[in-house]
>>> print(open('data.cif').read())   # mmCIF, C-alpha atoms and all ligand atoms
data_data
#
loop_
_atom_site.group_PDB
_atom_site.id
_atom_site.type_symbol
_atom_site.label_atom_id
_atom_site.label_comp_id
_atom_site.auth_asym_id
_atom_site.auth_seq_id
_atom_site.Cartn_x
_atom_site.Cartn_y
_atom_site.Cartn_z
ATOM 1 C CA ALA A 19 60.973 100.367 59.370
ATOM 2 C CA LYS A 20 58.258 97.972 58.296
ATOM 3 C CA ALA A 21 59.801 97.470 54.872
ATOM 4 C CA ALA A 22 63.213 96.890 56.368
ATOM 5 C CA GLY A 23 61.708 94.389 58.807
ATOM 6 C CA ARG A 24 60.036 92.466 56.013
ATOM 7 C CA GLY A 25 63.187 92.595 53.942
ATOM 8 C CA SER A 26 65.346 91.173 56.692
ATOM 9 C CA ALA A 27 62.720 88.567 57.576
ATOM 10 C CA MET A 28 62.739 87.374 53.977
ATOM 11 C CA ARG A 29 66.472 87.374 53.876
ATOM 12 C CA PHE A 30 66.798 85.299 57.044
ATOM 13 C CA ARG A 31 63.808 83.016 56.699
ATOM 14 C CA PRO A 32 65.452 79.997 55.023
ATOM 15 C CA GLU A 33 68.287 79.970 57.528
ATOM 16 C CA MET A 34 65.962 80.320 60.530
ATOM 17 C CA THR A 35 63.668 77.585 59.274
ATOM 18 C CA ALA A 36 66.586 75.277 58.849
ATOM 19 C CA SER A 37 67.885 75.905 62.329
ATOM 20 C CA ALA A 38 64.421 75.649 63.922
ATOM 21 C CA GLN A 39 63.916 72.393 62.046
ATOM 22 C CA SER A 40 67.242 70.970 63.096
ATOM 23 C CA ARG A 41 66.570 71.989 66.698
ATOM 24 C CA LEU A 42 63.220 70.205 66.553
ATOM 25 C CA GLU A 43 64.939 67.172 65.087
ATOM 26 C CA LEU A 44 67.535 67.340 67.830
ATOM 27 C CA GLU A 45 64.796 67.527 70.442
ATOM 28 C CA VAL A 46 63.087 64.403 69.124
ATOM 29 C CA GLU A 47 66.400 62.588 68.944
ATOM 30 C CA LEU A 48 67.375 63.752 72.429
ATOM 31 C CA ARG A 49 64.206 62.262 73.903
ATOM 32 C CA ARG A 50 65.135 58.998 72.205
ATOM 33 C CA ALA A 51 68.742 59.315 73.413
ATOM 34 C CA LEU A 52 67.601 59.658 77.017
ATOM 35 C CA ALA A 53 65.250 56.700 76.690
ATOM 36 C CA GLN A 54 67.765 54.477 74.885
ATOM 37 C CA GLY A 55 70.849 55.099 76.982
ATOM 38 C CA GLN A 56 72.860 57.056 74.391
ATOM 39 C CA ILE A 57 73.932 59.511 77.085
ATOM 40 C CA SER A 58 77.078 58.865 79.072
ATOM 41 C CA VAL A 59 79.407 60.827 81.294
ATOM 42 C CA HIS A 60 83.135 61.376 80.843
ATOM 43 C CA TYR A 61 85.427 62.576 83.601
ATOM 44 C CA GLN A 62 88.270 65.067 83.447
ATOM 45 C CA PRO A 63 90.813 64.991 86.280
ATOM 46 C CA ARG A 64 91.134 67.974 88.576
ATOM 47 C CA VAL A 65 94.680 68.123 89.825
ATOM 48 C CA ASP A 66 96.383 69.687 92.844
ATOM 49 C CA VAL A 67 98.945 72.166 91.492
ATOM 50 C CA ALA A 68 101.495 71.676 94.278
ATOM 51 C CA SER A 69 101.468 67.860 94.528
ATOM 52 C CA GLY A 70 100.362 66.898 91.011
ATOM 53 C CA ARG A 71 97.823 64.505 92.517
ATOM 54 C CA ILE A 72 94.308 63.998 91.164
ATOM 55 C CA VAL A 73 91.909 65.391 93.761
ATOM 56 C CA GLY A 74 88.707 65.474 91.774
ATOM 57 C CA ALA A 75 86.982 64.924 88.466
ATOM 58 C CA GLU A 76 84.502 66.974 86.446
ATOM 59 C CA ALA A 77 81.559 65.089 84.993
ATOM 60 C CA LEU A 78 81.011 66.115 81.364
ATOM 61 C CA VAL A 79 78.028 64.754 79.475
ATOM 62 C CA ARG A 80 78.458 62.917 76.157
ATOM 63 C CA TRP A 81 75.886 61.938 73.541
ATOM 64 C CA HIS A 82 76.767 58.992 71.336
ATOM 65 C CA HIS A 83 74.410 59.419 68.413
ATOM 66 C CA PRO A 84 73.952 56.253 66.299
ATOM 67 C CA GLU A 85 74.532 58.156 63.005
ATOM 68 C CA ARG A 86 75.963 61.547 63.915
ATOM 69 C CA GLY A 87 78.605 60.061 66.214
ATOM 70 C CA MET A 88 79.634 62.055 69.240
ATOM 71 C CA VAL A 89 77.512 65.194 69.562
ATOM 72 C CA PRO A 90 79.297 67.858 71.659
ATOM 73 C CA PRO A 91 77.435 69.234 74.706
ATOM 74 C CA ASP A 92 77.710 72.800 73.431
ATOM 75 C CA VAL A 93 75.264 71.759 70.687
ATOM 76 C CA PHE A 94 72.621 69.921 72.706
ATOM 77 C CA ILE A 95 72.691 71.526 76.197
ATOM 78 C CA SER A 96 71.041 74.689 74.877
ATOM 79 C CA VAL A 97 68.403 72.631 73.043
ATOM 80 C CA CYS A 98 67.713 70.778 76.297
ATOM 81 C CA GLU A 99 67.393 74.101 78.115
ATOM 82 C CA ASP A 100 64.881 75.399 75.571
ATOM 83 C CA CYS A 101 62.657 72.330 75.420
ATOM 84 C CA GLY A 102 62.694 71.519 79.129
ATOM 85 C CA LEU A 103 64.710 68.305 78.862
ATOM 86 C CA ILE A 104 67.560 69.826 80.874
ATOM 87 C CA CYS A 105 66.185 68.708 84.243
ATOM 88 C CA GLU A 106 65.934 65.101 83.093
ATOM 89 C CA LEU A 107 69.378 65.214 81.489
ATOM 90 C CA GLY A 108 70.879 66.968 84.513
ATOM 91 C CA ALA A 109 69.412 64.418 86.904
ATOM 92 C CA LEU A 110 70.812 61.576 84.797
ATOM 93 C CA VAL A 111 74.301 63.113 84.808
ATOM 94 C CA LEU A 112 74.145 63.773 88.555
ATOM 95 C CA GLU A 113 73.020 60.221 89.294
ATOM 96 C CA LYS A 114 75.826 58.733 87.181
ATOM 97 C CA ALA A 115 78.358 61.109 88.766
ATOM 98 C CA CYS A 116 77.260 60.224 92.316
ATOM 99 C CA ALA A 117 77.371 56.496 91.529
ATOM 100 C CA GLN A 118 80.866 56.960 90.078
ATOM 101 C CA GLN A 119 82.013 58.875 93.167
ATOM 102 C CA VAL A 120 80.822 55.963 95.317
ATOM 103 C CA ALA A 121 82.535 53.398 93.057
ATOM 104 C CA TRP A 122 85.815 55.328 93.202
ATOM 105 C CA ALA A 123 85.589 55.710 96.988
ATOM 106 C CA ALA A 124 85.000 51.961 97.309
ATOM 107 C CA ALA A 125 88.130 51.356 95.209
ATOM 108 C CA GLY A 126 90.179 53.589 97.500
ATOM 109 C CA ARG A 127 90.028 56.736 95.432
ATOM 110 C CA GLU A 128 88.483 59.661 97.323
ATOM 111 C CA LEU A 129 87.655 62.173 94.619
ATOM 112 C CA THR A 130 85.392 65.202 94.695
ATOM 113 C CA VAL A 131 83.224 64.916 91.616
ATOM 114 C CA SER A 132 81.928 68.142 90.110
ATOM 115 C CA VAL A 133 78.729 68.345 88.111
ATOM 116 C CA ASN A 134 77.505 71.184 85.887
ATOM 117 C CA LEU A 135 74.088 72.654 86.667
ATOM 118 C CA SER A 136 72.463 74.755 83.976
ATOM 119 C CA PRO A 137 70.621 77.931 85.103
ATOM 120 C CA ARG A 138 67.205 76.539 84.210
ATOM 121 C CA GLN A 139 67.937 73.396 86.226
ATOM 122 C CA PHE A 140 69.133 75.494 89.157
ATOM 123 C CA PHE A 141 65.885 77.472 89.300
ATOM 124 C CA HIS A 142 63.683 74.401 88.915
ATOM 125 C CA ALA A 143 61.441 74.099 91.988
ATOM 126 C CA GLY A 144 62.096 70.379 92.486
ATOM 127 C CA LEU A 145 65.899 70.633 92.397
ATOM 128 C CA ILE A 146 66.636 70.211 96.107
ATOM 129 C CA ASP A 147 64.349 67.175 96.519
ATOM 130 C CA GLU A 148 65.740 65.609 93.362
ATOM 131 C CA ILE A 149 69.346 66.006 94.499
ATOM 132 C CA ASP A 150 68.452 64.665 97.926
ATOM 133 C CA ALA A 151 66.798 61.600 96.361
ATOM 134 C CA ILE A 152 69.826 60.952 94.111
ATOM 135 C CA LEU A 153 72.257 61.217 97.033
ATOM 136 C CA LYS A 154 70.159 58.758 99.057
ATOM 137 C CA ARG A 155 69.733 56.325 96.141
ATOM 138 C CA THR A 156 73.432 56.218 95.368
ATOM 139 C CA GLY A 157 74.655 56.467 98.971
ATOM 140 C CA CYS A 158 76.972 59.280 97.918
ATOM 141 C CA ASP A 159 78.594 61.553 100.496
ATOM 142 C CA PRO A 160 77.318 65.050 99.587
ATOM 143 C CA ARG A 161 80.609 66.595 100.744
ATOM 144 C CA ARG A 162 82.247 64.846 97.785
ATOM 145 C CA ILE A 163 79.983 66.457 95.203
ATOM 146 C CA GLU A 164 80.548 69.962 93.891
ATOM 147 C CA LEU A 165 77.861 71.695 91.844
ATOM 148 C CA GLU A 166 79.147 74.066 89.157
ATOM 149 C CA ILE A 167 76.925 77.039 88.379
ATOM 150 C CA THR A 168 77.662 80.010 86.145
ATOM 151 C CA GLU A 169 77.808 83.628 87.175
ATOM 152 C CA SER A 170 74.554 84.266 85.304
ATOM 153 C CA VAL A 171 72.735 82.307 88.032
ATOM 154 C CA LEU A 172 73.937 84.830 90.599
ATOM 155 C CA LEU A 173 72.524 87.814 88.738
ATOM 156 C CA GLY A 174 69.095 89.213 89.310
ATOM 157 C CA HIS A 175 67.508 86.483 91.400
ATOM 158 C CA ASP A 176 69.022 87.503 94.735
ATOM 159 C CA ASP A 177 66.778 86.085 97.478
ATOM 160 C CA ARG A 178 65.841 82.857 95.751
ATOM 161 C CA THR A 179 69.418 82.256 94.704
ATOM 162 C CA VAL A 180 70.870 82.801 98.167
ATOM 163 C CA ALA A 181 68.157 80.559 99.688
ATOM 164 C CA ALA A 182 68.810 77.764 97.178
ATOM 165 C CA LEU A 183 72.588 77.963 97.578
ATOM 166 C CA GLU A 184 72.266 77.933 101.359
ATOM 167 C CA ALA A 185 69.954 74.920 101.234
ATOM 168 C CA LEU A 186 72.463 73.040 99.052
ATOM 169 C CA GLY A 187 75.239 74.072 101.418
ATOM 170 C CA ARG A 188 73.287 72.775 104.428
ATOM 171 C CA MET A 189 72.968 69.432 102.637
ATOM 172 C CA GLY A 190 76.772 69.366 102.580
ATOM 173 C CA LEU A 191 77.262 69.967 98.869
ATOM 174 C CA ARG A 192 80.039 72.187 97.586
ATOM 175 C CA ILE A 193 79.316 75.063 95.204
ATOM 176 C CA ALA A 194 81.621 76.275 92.441
ATOM 177 C CA ILE A 195 81.288 79.222 90.100
ATOM 178 C CA ASP A 196 82.144 78.015 86.593
ATOM 179 C CA ASP A 197 83.767 80.131 83.851
ATOM 180 C CA PHE A 198 84.629 82.710 86.514
ATOM 181 C CA GLY A 199 85.512 86.151 85.181
ATOM 182 C CA THR A 200 83.448 85.940 81.999
ATOM 183 C CA GLY A 201 80.231 87.238 83.600
ATOM 184 C CA TYR A 202 79.714 90.305 85.719
ATOM 185 C CA SER A 203 81.117 89.121 89.011
ATOM 186 C CA ASN A 204 82.493 91.631 91.411
ATOM 187 C CA LEU A 205 83.549 91.405 95.011
ATOM 188 C CA ALA A 206 80.577 93.516 96.081
ATOM 189 C CA TYR A 207 78.094 90.703 95.566
ATOM 190 C CA LEU A 208 80.193 87.571 95.354
ATOM 191 C CA HIS A 209 80.929 87.434 99.070
ATOM 192 C CA ARG A 210 77.197 87.253 99.816
ATOM 193 C CA TYR A 211 76.946 83.807 98.256
ATOM 194 C CA PRO A 212 78.126 80.619 99.946
ATOM 195 C CA VAL A 213 80.673 79.629 97.307
ATOM 196 C CA ASP A 214 83.509 77.140 97.893
ATOM 197 C CA THR A 215 85.341 77.234 94.574
ATOM 198 C CA LEU A 216 85.958 79.625 91.704
ATOM 199 C CA LYS A 217 86.895 78.088 88.370
ATOM 200 C CA ILE A 218 88.940 80.623 86.466
ATOM 201 C CA ASP A 219 87.774 80.602 82.866
ATOM 202 C CA ARG A 220 90.010 79.136 80.181
ATOM 203 C CA SER A 221 90.267 82.513 78.404
ATOM 204 C CA PHE A 222 92.323 83.916 81.314
ATOM 205 C CA ILE A 223 94.726 80.987 81.140
ATOM 206 C CA ARG A 224 95.118 81.489 77.402
ATOM 207 C CA ALA A 225 95.721 85.219 78.035
ATOM 208 C CA LEU A 226 98.748 84.494 80.238
ATOM 209 C CA SER A 227 101.143 84.747 77.287
ATOM 210 C CA ASP A 228 100.193 88.306 76.319
ATOM 211 C CA ARG A 229 98.015 89.815 79.079
ATOM 212 C CA PRO A 230 98.998 88.229 82.417
ATOM 213 C CA ALA A 231 97.926 91.308 84.421
ATOM 214 C CA ILE A 232 94.233 90.508 83.999
ATOM 215 C CA THR A 233 94.690 86.918 85.153
ATOM 216 C CA GLU A 234 96.734 88.161 88.090
ATOM 217 C CA MET A 235 93.864 90.454 89.071
ATOM 218 C CA ILE A 236 91.379 87.557 88.967
ATOM 219 C CA VAL A 237 93.673 85.401 91.095
ATOM 220 C CA THR A 238 94.073 88.228 93.615
ATOM 221 C CA MET A 239 90.281 88.539 93.812
ATOM 222 C CA CYS A 240 89.860 84.808 94.441
ATOM 223 C CA ARG A 241 92.524 84.896 97.129
ATOM 224 C CA MET A 242 90.741 87.759 98.916
ATOM 225 C CA LEU A 243 87.553 85.703 98.943
ATOM 226 C CA GLY A 244 89.390 82.753 100.511
ATOM 227 C CA VAL A 245 87.932 80.194 98.116
ATOM 228 C CA THR A 246 89.521 77.258 96.309
ATOM 229 C CA MET A 247 90.880 78.429 92.961
ATOM 230 C CA VAL A 248 90.792 76.102 89.974
ATOM 231 C CA ALA A 249 92.305 77.023 86.613
ATOM 232 C CA GLU A 250 90.505 75.680 83.546
ATOM 233 C CA GLY A 251 91.930 74.803 80.158
ATOM 234 C CA VAL A 252 95.584 74.436 81.136
ATOM 235 C CA GLU A 253 97.370 73.211 78.018
ATOM 236 C CA LEU A 254 100.995 74.295 78.466
ATOM 237 C CA ALA A 255 103.704 73.573 81.021
ATOM 238 C CA ARG A 256 104.507 77.269 81.314
ATOM 239 C CA GLN A 257 100.867 77.992 82.244
ATOM 240 C CA LEU A 258 101.130 75.457 85.050
ATOM 241 C CA ASP A 259 104.390 77.086 86.200
ATOM 242 C CA TRP A 260 102.608 80.426 86.377
ATOM 243 C CA LEU A 261 99.760 78.921 88.414
ATOM 244 C CA ARG A 262 102.250 77.392 90.838
ATOM 245 C CA ASP A 263 104.081 80.716 91.217
ATOM 246 C CA HIS A 264 100.793 82.522 91.881
ATOM 247 C CA GLY A 265 99.335 80.111 94.412
ATOM 248 C CA VAL A 266 96.444 78.741 92.345
ATOM 249 C CA HIS A 267 95.303 75.560 94.081
ATOM 250 C CA GLU A 268 94.080 73.203 91.362
ATOM 251 C CA TYR A 269 93.877 72.887 87.592
ATOM 252 C CA GLN A 270 92.208 71.021 84.774
ATOM 253 C CA GLY A 271 93.263 70.825 81.173
ATOM 254 C CA TRP A 272 94.711 68.856 78.322
ATOM 255 C CA LEU A 273 98.216 69.267 79.778
ATOM 256 C CA PHE A 274 97.217 66.663 82.358
ATOM 257 C CA GLY A 275 94.435 65.003 80.417
ATOM 258 C CA PRO A 276 91.026 65.329 78.740
ATOM 259 C CA ALA A 277 87.661 63.988 79.867
ATOM 260 C CA VAL A 278 87.468 60.209 79.333
ATOM 261 C CA PRO A 279 85.077 57.382 80.268
ATOM 262 C CA PRO A 280 85.537 56.055 83.824
ATOM 263 C CA ASP A 281 87.287 52.800 82.793
ATOM 264 C CA ALA A 282 89.769 54.755 80.658
ATOM 265 C CA PHE A 283 90.248 57.155 83.582
ATOM 266 C CA ASP A 284 91.349 54.306 85.865
ATOM 267 C CA LYS A 285 93.547 52.776 83.188
ATOM 268 C CA ARG A 286 95.284 56.032 82.356
ATOM 269 C CA TRP A 287 95.592 57.200 85.961
ATOM 270 C CA PRO A 288 95.763 54.073 88.130
ATOM 271 C CA ILE A 289 94.758 54.363 91.748
ATOM 272 C CA PRO A 290 97.927 54.892 93.792
ATOM 273 C CA ALA A 291 98.773 51.779 95.801
ATOM 274 C CA LEU A 292 98.009 52.046 99.486
ATOM 275 C CA THR A 293 101.126 51.979 101.622
HETATM 276 P P1 LIG B 1 82.666 73.701 80.962
HETATM 277 O O1 LIG B 1 81.837 73.323 82.132
HETATM 278 O O2 LIG B 1 83.394 74.992 81.045
HETATM 279 O O3 LIG B 1 83.637 72.472 80.731
HETATM 280 C C1 LIG B 1 84.950 72.591 80.263
HETATM 281 C C2 LIG B 1 85.048 72.281 78.779
HETATM 282 O O4 LIG B 1 86.388 72.507 78.351
HETATM 283 C C3 LIG B 1 84.754 70.828 78.445
HETATM 284 O O5 LIG B 1 84.167 70.793 77.145
HETATM 285 C C4 LIG B 1 86.148 70.218 78.410
HETATM 286 O O6 LIG B 1 86.211 69.017 77.670
HETATM 287 C C5 LIG B 1 86.927 71.331 77.766
HETATM 288 N N1 LIG B 1 88.363 71.301 78.099
HETATM 289 C C6 LIG B 1 88.966 70.683 79.135
HETATM 290 N N2 LIG B 1 90.293 70.904 79.126
HETATM 291 C C7 LIG B 1 90.547 71.720 78.071
HETATM 292 C C8 LIG B 1 91.750 72.320 77.540
HETATM 293 O O7 LIG B 1 92.859 72.161 78.052
HETATM 294 N N3 LIG B 1 91.593 73.089 76.433
HETATM 295 C C9 LIG B 1 90.393 73.286 75.834
HETATM 296 N N4 LIG B 1 90.339 74.037 74.744
HETATM 297 N N5 LIG B 1 89.229 72.730 76.319
HETATM 298 C C10 LIG B 1 89.317 71.966 77.418
HETATM 299 P P2 LIG B 1 82.886 69.923 76.832
HETATM 300 O O8 LIG B 1 82.962 68.610 77.552
HETATM 301 O O9 LIG B 1 82.710 69.919 75.356
HETATM 302 O O10 LIG B 1 81.703 70.745 77.509
HETATM 303 C C11 LIG B 1 81.368 72.020 77.024
HETATM 304 C C12 LIG B 1 80.393 72.696 77.949
HETATM 305 O O11 LIG B 1 79.141 72.010 77.945
HETATM 306 C C13 LIG B 1 80.823 72.715 79.400
HETATM 307 O O12 LIG B 1 81.751 73.768 79.629
HETATM 308 C C14 LIG B 1 79.511 72.945 80.090
HETATM 309 O O13 LIG B 1 79.160 74.307 80.087
HETATM 310 C C15 LIG B 1 78.556 72.165 79.210
HETATM 311 N N6 LIG B 1 78.312 70.845 79.819
HETATM 312 C C16 LIG B 1 79.008 69.700 79.731
HETATM 313 N N7 LIG B 1 78.430 68.713 80.442
HETATM 314 C C17 LIG B 1 77.337 69.253 81.024
HETATM 315 C C18 LIG B 1 76.293 68.742 81.889
HETATM 316 O O14 LIG B 1 76.280 67.575 82.314
HETATM 317 N N8 LIG B 1 75.309 69.633 82.255
HETATM 318 C C19 LIG B 1 75.306 70.928 81.820
HETATM 319 N N9 LIG B 1 74.304 71.725 82.233
HETATM 320 N N10 LIG B 1 76.250 71.426 81.025
HETATM 321 C C20 LIG B 1 77.261 70.605 80.623
HETATM 322 CA CA CA B 2 82.135 73.174 84.258
HETATM 323 CA CA CA B 3 84.200 76.153 82.727
HETATM 324 CA CA CA B 4 80.978 76.692 79.996
#
>>> encode(input="data.cif", output="structure tokens", more="lines below")
Ligand code: C2E
Ligand code: CA
Ligand code: CA
Ligand code: CA
Amino acid sequence: AKAAGRGSAMRFRPEMTASAQSRLELEVELRRALAQGQISVHYQPRVDVASGRIVGAEALVRWHHPERGMVPPDVFISVCEDCGLICELGALVLEKACAQQVAWAAAGRELTVSVNLSPRQFFHAGLIDEIDAILKRTGCDPRRIELEITESVLLGHDDRTVAALEALGRMGLRIAIDDFGTGYSNLAYLHRYPVDTLKIDRSFIRALSDRPAITEMIVTMCRMLGVTMVAEGVELARQLDWLRDHGVHEYQGWLFGPAVPPDAFDKRWPIPALT
């Protein structure tokens, strides 16, 4: 066993060193990015299935690296989680999202803005106070902010998790479960949590063409829980037709539009004139 261990360590060492090095590099550059304003937030419309109207927007973080160009969040969120920068990054995104919600409301556009919370950020002791401070600073109505957490947050940490979710709920914030169906959710525990929205993972929308039964089961579960259902990753008109036929409330996806900066959002989807 020892020999095999050494053998595999030798085999994997160069690769591991490279990735550890690049993660360290990323960490250094991320600290600079936060300090130098290279982080921005794009917004993807969330659309009412029945009316086709934009009812919300998801805040998605973007890193404009001076040499690397646009670094996708899938690459740097996990680095932020590991090195503890996630709370700072998360607070920055939340503050921008709240300020944007207020700006839209002032322009006559009442959107619910959703913001992703990583598990480490969720379990950070200062989270509630930080959110409270951001809401006060921006003057944002908490009922117009939805926090997206993943199913992994709901596992294992029962009492603390329920207490934190209830505290956020008392503040007026909405709670969504992101990527729903990819974790270990079941009805037995889900109803214990104060959840407003379930976001059905993109994989179930993609599966509609060959395995619709599974998606149907997820939708039935959501309906039993009486929560708002949002479909993620809707790319095709026939997927939207299916959602309409099955009573799914809202959707996001490239069929309607991708995440864009706020000025592009207003240009592409002008605020409907008041009548
Ligand atoms: P997510 O929260 O599940 O966000 C949805 C992702 O799907 C986004 O990728 C979005 O651009 C992409 N998407 C939207 N419509 C479609 C579609 O029709 N087809 C396909 N194939 N993709 C679509 P993005 O912006 O690259 O973000 C990736 C992930 O990074 C997010 O997944 C989320 O987990 C994480 N993330 C993004 N911003 C933040 C943030 O501010 N904080 C935290 N903690 N995580 C974030
Ligand atoms: Ca999300
Ligand atoms: Ca998602
Ligand atoms: Ca995700």
>>> residues_around(input="data.cif", residues="Leu107 (chain A)", least_positions_apart="6", cutoff="10 Å", atoms="all atoms listed in the file", output="list in words")
Leu48, Arg49, Leu52, Ile57, Val79, Ile95, Cys98, Glu99, Glu113 and Gln139 of chain A
>>> write_last_selection(input="data.cif", atoms="C-alpha atoms", output="mmCIF file, keeping the file's coordinate frame")
data_model
loop_
_atom_site.group_PDB
_atom_site.id
_atom_site.type_symbol
_atom_site.label_atom_id
_atom_site.label_comp_id
_atom_site.auth_asym_id
_atom_site.auth_seq_id
_atom_site.Cartn_x
_atom_site.Cartn_y
_atom_site.Cartn_z
ATOM 1 C CA LEU A 48 67.375 63.752 72.429
ATOM 2 C CA ARG A 49 64.206 62.262 73.903
ATOM 3 C CA LEU A 52 67.601 59.658 77.017
ATOM 4 C CA ILE A 57 73.932 59.511 77.085
ATOM 5 C CA VAL A 79 78.028 64.754 79.475
ATOM 6 C CA ILE A 95 72.691 71.526 76.197
ATOM 7 C CA CYS A 98 67.713 70.778 76.297
ATOM 8 C CA GLU A 99 67.393 74.101 78.115
ATOM 9 C CA GLU A 113 73.020 60.221 89.294
ATOM 10 C CA GLN A 139 67.937 73.396 86.226
#
>>> resolve_selection(input="data.cif", expression="the PyMOL selection byres (((not hetatm)) within 6 of (chain B and resi 3))", output="list in words")
Asp196, Asp197 and Asp219 of chain A
>>> residues_near_ligand(input="data.cif", ligand="ligand LIG 1 (chain B)", cutoff="8 Å", atoms="all atoms listed in the file", output="JSON, numbers by chain")
{"A": [59, 60, 62, 76, 77, 78, 79, 80, 90, 91, 92, 95, 104, 107, 108, 111, 112, 133, 134, 135, 136, 137, 139, 166, 196, 197, 219, 220, 250, 251, 252, 253, 270, 271, 272, 273, 275, 276, 277]}
>>> closest_residue(input="data.cif", among="A:Phe94, A:Tyr61, A:Asp214, A:Phe140", to="Arg178 (chain A)", atoms="only C-alpha atoms")
A:Phe140
>>> closest_residue(input="data.cif", among="A:Ala121, A:Cys105, A:Val93, A:Ile152", to="ligand CA 4 (chain B)", atoms="only C-alpha atoms and all ligand atoms")
A:Val93
>>> closest_residue(input="data.cif", among="A:Asp263, A:Glu85, A:Glu164, A:Asp177", to="ligand CA 2 (chain B)", atoms="only C-alpha atoms and all ligand atoms")
A:Glu164
>>> atom_distance(input="data.cif", atom1="CA of Ser132 (chain A)", atom2="CA of Met235 (chain A)")
25.3 Å
>>> closest_residue(input="data.cif", among="A:Val248, A:Ala38, A:Ala181, A:Leu258", to="Val73 (chain A)", atoms="all atoms listed in the file")
A:Val248
>>> resolve_selection(input="data.cif", expression="the PyMOL selection byres (((chain A and resi 70) around 12) and not hetatm)", output="list in words")
Pro63, Arg64, Val65, Asp66, Val67, Ala68, Ser69, Arg71, Ile72, Val73, Gly74, Leu258, Asp259, Arg262, His267, Glu268, Tyr269, Gln270, Leu273, Phe274 and Trp287 of chain A
>>> residues_around(input="data.cif", residues="Pro84 (chain A)", least_positions_apart="5", cutoff="12 Å", atoms="all atoms listed in the file", output="PyMOL selection string")
chain A and resi 47-48+50-51+54-57+89
>>> closest_residue(input="data.cif", among="A:Ala115, A:Ile195, A:Leu103, A:Ala282", to="ligand CA 2 (chain B)", atoms="all atoms listed in the file")
A:Ile195
>>> axis_aligned_box(input="data.cif", around="region 232-236 of chain A", padding_each_side="8 Å", output="JSON")
{"center_x": 94.1, "center_y": 88.7, "center_z": 86.5, "size_x": 21.4, "size_y": 19.6, "size_z": 21.1}
